[in-house]
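Visitor: For reference, the structure I am asking about is given below.
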Amino acid sequence: MPYSAPLAGWGRYPVRDCTVWQPTTAQALHETLGPLPVSIARGNGRSYGDASLNPEATIDMRRLDRLIAFDDATGAMECEAGVLLSDLVAAFVPRGWFPPVTPGTRMVTIGGMIASDVHGKNHHVAGSFCDHVDWFDLDLGDGRVLRCSRTENPDLFAATCGGMGLTGIVVRAAFRMLRIETAFMRQRTIRVGNLDQALSVFEQSHGSTYSVAWIDCMATGRHLGRSAILLGEHARVDELDERRRAAPLARPVRKPKTVPIDFPGFALSGFNVKMFNHLYYAMQRPGDEVVDIDPYFYPLDALFEWNRIYGRRGFVQYQSVLPLAESETGMRRLLEAISAAGAGSFLAVLKRMGPQSFGMLSFPMEGYTLALDFPATPGNLQLLERLDAITADHGGRVYLTKDARVSAQMFAAGYPRLQEFRNLRAQYGLDQRFSSLLSQRLGL
């Protein structure tokens with residue numbers, strides 16, 4: 001039976017009362033969808049804005065969480081869409097396997113990873129998650145469940161990868177895991193004094209499997225864009241010390257801390273953010289070390305409910321990507337606008353992206369992406385409109401998985417295959433069966 005509940009994305013903005021169904025099997029999902037006029041799937045609620053919200057019918061997929069098959073020789077995985085990435089990591093890292101692409105949190109479902117076509121710190125060499133998906137079964141809500149791959153229903157495959165759940169509901173999927181020797185990373189930290197140096201290090205380190213930078217978005221002048229860049233490789237057994245070599249795939253038991261309260265607004269003042277960024281930059285120590293997988297890939301997962309730091313009004317994350325030829329000038333303009341507004345973020349991340357992904361609405365393009373969090377205040381929402389304009393001026397686009405407020409016009413300018421996506425939705429009648437607050441806002 002359905003129930004009613006206030007729901008939000010990870011940013012806690014916006015919040016809407018939704019009628020929620022929670023099927024436990026693929027057949028139950030199929031029977032639930034039949035009578036519904038419109039609906040949207042929801043995984044673990046880690047998209048930041050309104051992509052998984054439909055007040056009329058939101059389908060909670062977390063109980064479709066069965067592992068179906070795994071080939072220990074090839075890494076071929078088959079599972080239901082509600083399986084959490086955290087469960088895969090916990091179960092398969094000790095067996096010597098790791099997801100081929102992972103976002104910055106492991107608290108996401110496989111279906112959500114496909115709907116967002118998530119990227120990670122290795123996009124420049126490995127592409128996005130859907131590049132490693134072999135097929136998925138898609139429930140169209142009209143009685144049909146179709147197998148989709150690059151050769152079978154390839155139009156639905158391309159539309160669903162990055163399609164934000166608007167082409168049907170992924171029931172199960174098959175993808176390939178990555179073999180690893182240890183549960184550790186060989187990490188190199190490089191501290192640079194400005195944006196030009198950061199981009200130079202990224203380009204010189206293009207052969208590194210993983211790369212990401214924390215960037216001080218409050219720095220100005222000759223320090224604009226100063227960063228700490230973390231390069232990474234999966235460590236081999238022979239690179240571990242004697243103690244770790246005895247159990248190279250063992251993961252230490254960590255008890256995450258929890259943010260117990262919603263922080264007051266003054267905690268996120270420009271002064272506090274500036275001081276935090278200054279100290280954090282000073283604490284980064286250049287050099288090489290071997291670290292656990294978790295702090296390299298999922299540092300924020302060590303803090304449960306960290307979204308409460310932004311207070312009850314919630315926050316918005318702004319993530320845009322700029323083409324490679326425009327990245328230096330465009331990133332400089334974005335950082336100047338942010339620092340001038342005094343509204344910088346504790347967590348600002350810069351990454352190098354590889355070639356354009358194949359999904360019709362996939363976010364990645366070759367260039368650089370910048371992601372930042374802002375409290376959801378009227379002033380910050382106005383700032384984001386200015387960042388939209390800069391992004392558009394340089395041929396970039398915003399990431400729908402992180403978005404809660406971009407205009408339909410801005411969105412359309414960044415996604416050249418948008419009309420193709422709309423046409424496919426109409427062709428299969430999906431525009432009449434799947435809808436979210438995001439799709440309604442953007443006219444998808």
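In the structure tokens, each chain is lettered A, B, ... as it comes, each chain's residues begin at 1, and ligands are numbered from 1 in order of appearance.
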What parts of segment 178-326 of chain A does DSSP call strand (DSSP E or B)? I'd like the answer as a ChimeraX atom specification.
Guide: /A:178-179,184-192,210-215,227-234,257-258,287-292,303-304,315-323
Visitor: Which residues, written as a list of chain:residue names, have at least one atom at most 10 Å from Val170 of chain A, with only C-alpha atoms counted and residues fewer than 5 positions away on the same chain left out?
Guide: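 Returned residues: A:Ala26, A:Ala41, A:Met61, A:Glu80, A:Ala81, A:Gly82, A:Ile110, A:Gly111, A:Gly112, A:Ile114, A:Ala115, A:Phe136, A:Asp137, A:Leu138, A:Asp139, A:Leu140, A:Val145, A:Leu146, A:Arg147, A:Cys148, A:Thr160, A:Gly165.
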Visitor: Output C-alpha atoms of each residue in that selection to a file, as a short mmCIF file (atom, residue, chain, number, x, y, z; two decimals), in the first residue's frame.
Guide:
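Final file, part_34.cif:
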data_model
loop_
_atom_site.label_atom_id
_atom_site.label_comp_id
_atom_site.auth_asym_id
_atom_site.auth_seq_id
_atom_site.Cartn_x
_atom_site.Cartn_y
_atom_site.Cartn_z
CA ALA A 26 10.02 -6.80 -10.30
CA ALA A 41 11.54 6.12 -9.71
CA MET A 61 13.22 1.16 -5.52
CA GLU A 80 18.48 -5.45 -9.41
CA ALA A 81 18.34 -1.69 -9.74
CA GLY A 82 17.86 -1.01 -6.03
CA ILE A 110 22.70 1.02 -9.44
CA GLY A 111 19.51 2.26 -11.10
CA GLY A 112 20.32 5.80 -9.98
CA ILE A 114 22.39 4.59 -14.76
CA ALA A 115 19.73 7.31 -14.66
CA PHE A 136 19.41 -3.39 -18.51
CA ASP A 137 15.75 -4.37 -18.40
CA LEU A 138 13.46 -1.35 -18.63
CA ASP A 139 9.82 -1.33 -17.51
CA LEU A 140 7.95 1.11 -19.75
CA VAL A 145 9.61 -4.72 -20.17
CA LEU A 146 12.38 -4.38 -22.76
CA ARG A 147 16.01 -5.51 -22.72
CA CYS A 148 18.12 -2.50 -23.73
CA THR A 160 17.97 6.02 -20.39
CA GLY A 165 14.32 8.11 -14.93
#
Visitor: Can you list, as a ChimeraX atom specification, every protein, DNA or RNA residue that comes within 9 Å of Leu387 of chain A when you count only C-alpha atoms, leaving out same-chain residues fewer than 5 positions away?
Guide: /A:318,320,333-334,337-338,382,392
Visitor: Quick one, how far is atom CA of Pro2 of chain A from atom CA of Val20 of chain A?
Guide: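 We find that atom CA of Pro2 of chain A and atom CA of Val20 of chain A lie 5.3 Å from each other.
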Visitor: Which one is closest to Gly96 of chain A: A:Asn122, A:Gln22, A:Ser362, A:Thr182? Count only C-alpha atoms.
Guide: A:Thr182
Visitor: Pick the closest to Leu178 of chain A from A:Pro248, A:Gly193, A:Gly75, A:Pro103: which is it, counting only C-alpha atoms?
Guide: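 Closest residue, counting only C-alpha atoms: A:Gly75.
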Visitor: Can you tell me, as a ChimeraX atom specification, what residues are no more than 9 Å from Phe184 of chain A when counting only C-alpha atoms, ignoring any on the same chain fewer than 5 positions away?
Guide: /A:233-236,240,248-249,251,290-294,296
Visitor: Could you tell me, as a PyMOL selection string, which residues of segment 382-441 of chain A DSSP assigns to alpha helix (DSSP H) when given the backbone?
Guide: chain A and resi 382-393+408-414+418-427+437-441
Visitor: I'd like to know which of A:Tyr281, A:Trp10, A:Phe98, A:Phe363 is closest to Phe297 of chain A, using only C-alpha atoms.
Guide: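 Nearest candidate to Phe297 of chain A out of A:Tyr281, A:Trp10, A:Phe98, A:Phe363: A:Phe98.
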Visitor: Would you mind listing what lies within 8 Å of segment 201-211 of chain A as JSON, numbers by chain, with only C-alpha atoms counted and same-chain residues fewer than 5 positions away left out?
Guide: {"A": [121, 122, 124, 125, 229, 230, 231, 232, 233, 351, 352]}
Visitor: Which is closer to Thr109 of chain A than all the others in A:Arg144, A:Arg46, A:Arg179, A:Lys257, using only C-alpha atoms?
Guide: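 Between A:Arg144, A:Arg46, A:Arg179, A:Lys257, the residue approaching Thr109 of chain A most closely is A:Arg46.
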Visitor: Determine, counting only C-alpha atoms, which protein, DNA and RNA residues have an atom within 8 Å of an atom of Ala404 of chain A; residues of the same chain fewer than 6 positions away are not included. Present the result as JSON, numbers by chain.
Guide: {"A": [13, 14, 48, 49, 50, 51, 316, 438]}
Visitor: Mind dumping the selected residues with N, CA and C atoms as a PDB file, in the first residue's frame?
Guide:
ATOM      1  N   TYR A  13      16.296  20.550  -0.605  1.00  0.00           N
ATOM      2  CA  TYR A  13      15.633  21.672  -1.262  1.00  0.00           C
ATOM      3  C   TYR A  13      15.382  21.288  -2.716  1.00  0.00           C
ATOM      4  N   PRO A  14      14.125  21.314  -3.186  1.00  0.00           N
ATOM      5  CA  PRO A  14      12.897  21.601  -2.436  1.00  0.00           C
ATOM      6  C   PRO A  14      12.390  20.360  -1.708  1.00  0.00           C
ATOM      7  N   TYR A  48      20.514  15.603  -5.907  1.00  0.00           N
ATOM      8  CA  TYR A  48      20.489  16.727  -4.969  1.00  0.00           C
ATOM      9  C   TYR A  48      19.197  17.525  -4.991  1.00  0.00           C
ATOM     10  N   GLY A  49      18.489  17.547  -6.120  1.00  0.00           N
ATOM     11  CA  GLY A  49      17.351  18.453  -6.251  1.00  0.00           C
ATOM     12  C   GLY A  49      16.020  17.745  -6.340  1.00  0.00           C
ATOM     13  N   ASP A  50      15.318  17.939  -7.471  1.00  0.00           N
ATOM     14  CA  ASP A  50      13.938  17.481  -7.600  1.00  0.00           C
ATOM     15  C   ASP A  50      13.765  16.372  -8.627  1.00  0.00           C
ATOM     16  N   ALA A  51      14.848  15.689  -9.005  1.00  0.00           N
ATOM     17  CA  ALA A  51      14.779  14.685 -10.065  1.00  0.00           C
ATOM     18  C   ALA A  51      13.987  13.453  -9.667  1.00  0.00           C
ATOM     19  N   VAL A 316      21.910  23.975  -2.334  1.00  0.00           N
ATOM     20  CA  VAL A 316      21.936  23.593  -3.737  1.00  0.00           C
ATOM     21  C   VAL A 316      23.389  23.358  -4.127  1.00  0.00           C
ATOM     22  N   LEU A 438      11.517  17.819 -11.789  1.00  0.00           N
ATOM     23  CA  LEU A 438      12.569  18.283 -12.683  1.00  0.00           C
ATOM     24  C   LEU A 438      12.080  18.316 -14.131  1.00  0.00           C
TER      25      LEU A 438
END
Visitor: When you draw a straight line from atom CA of Asp72 of chain A to atom CA of Pro99 of chain A, how long is it in Å?
Guide: 13.7 Å
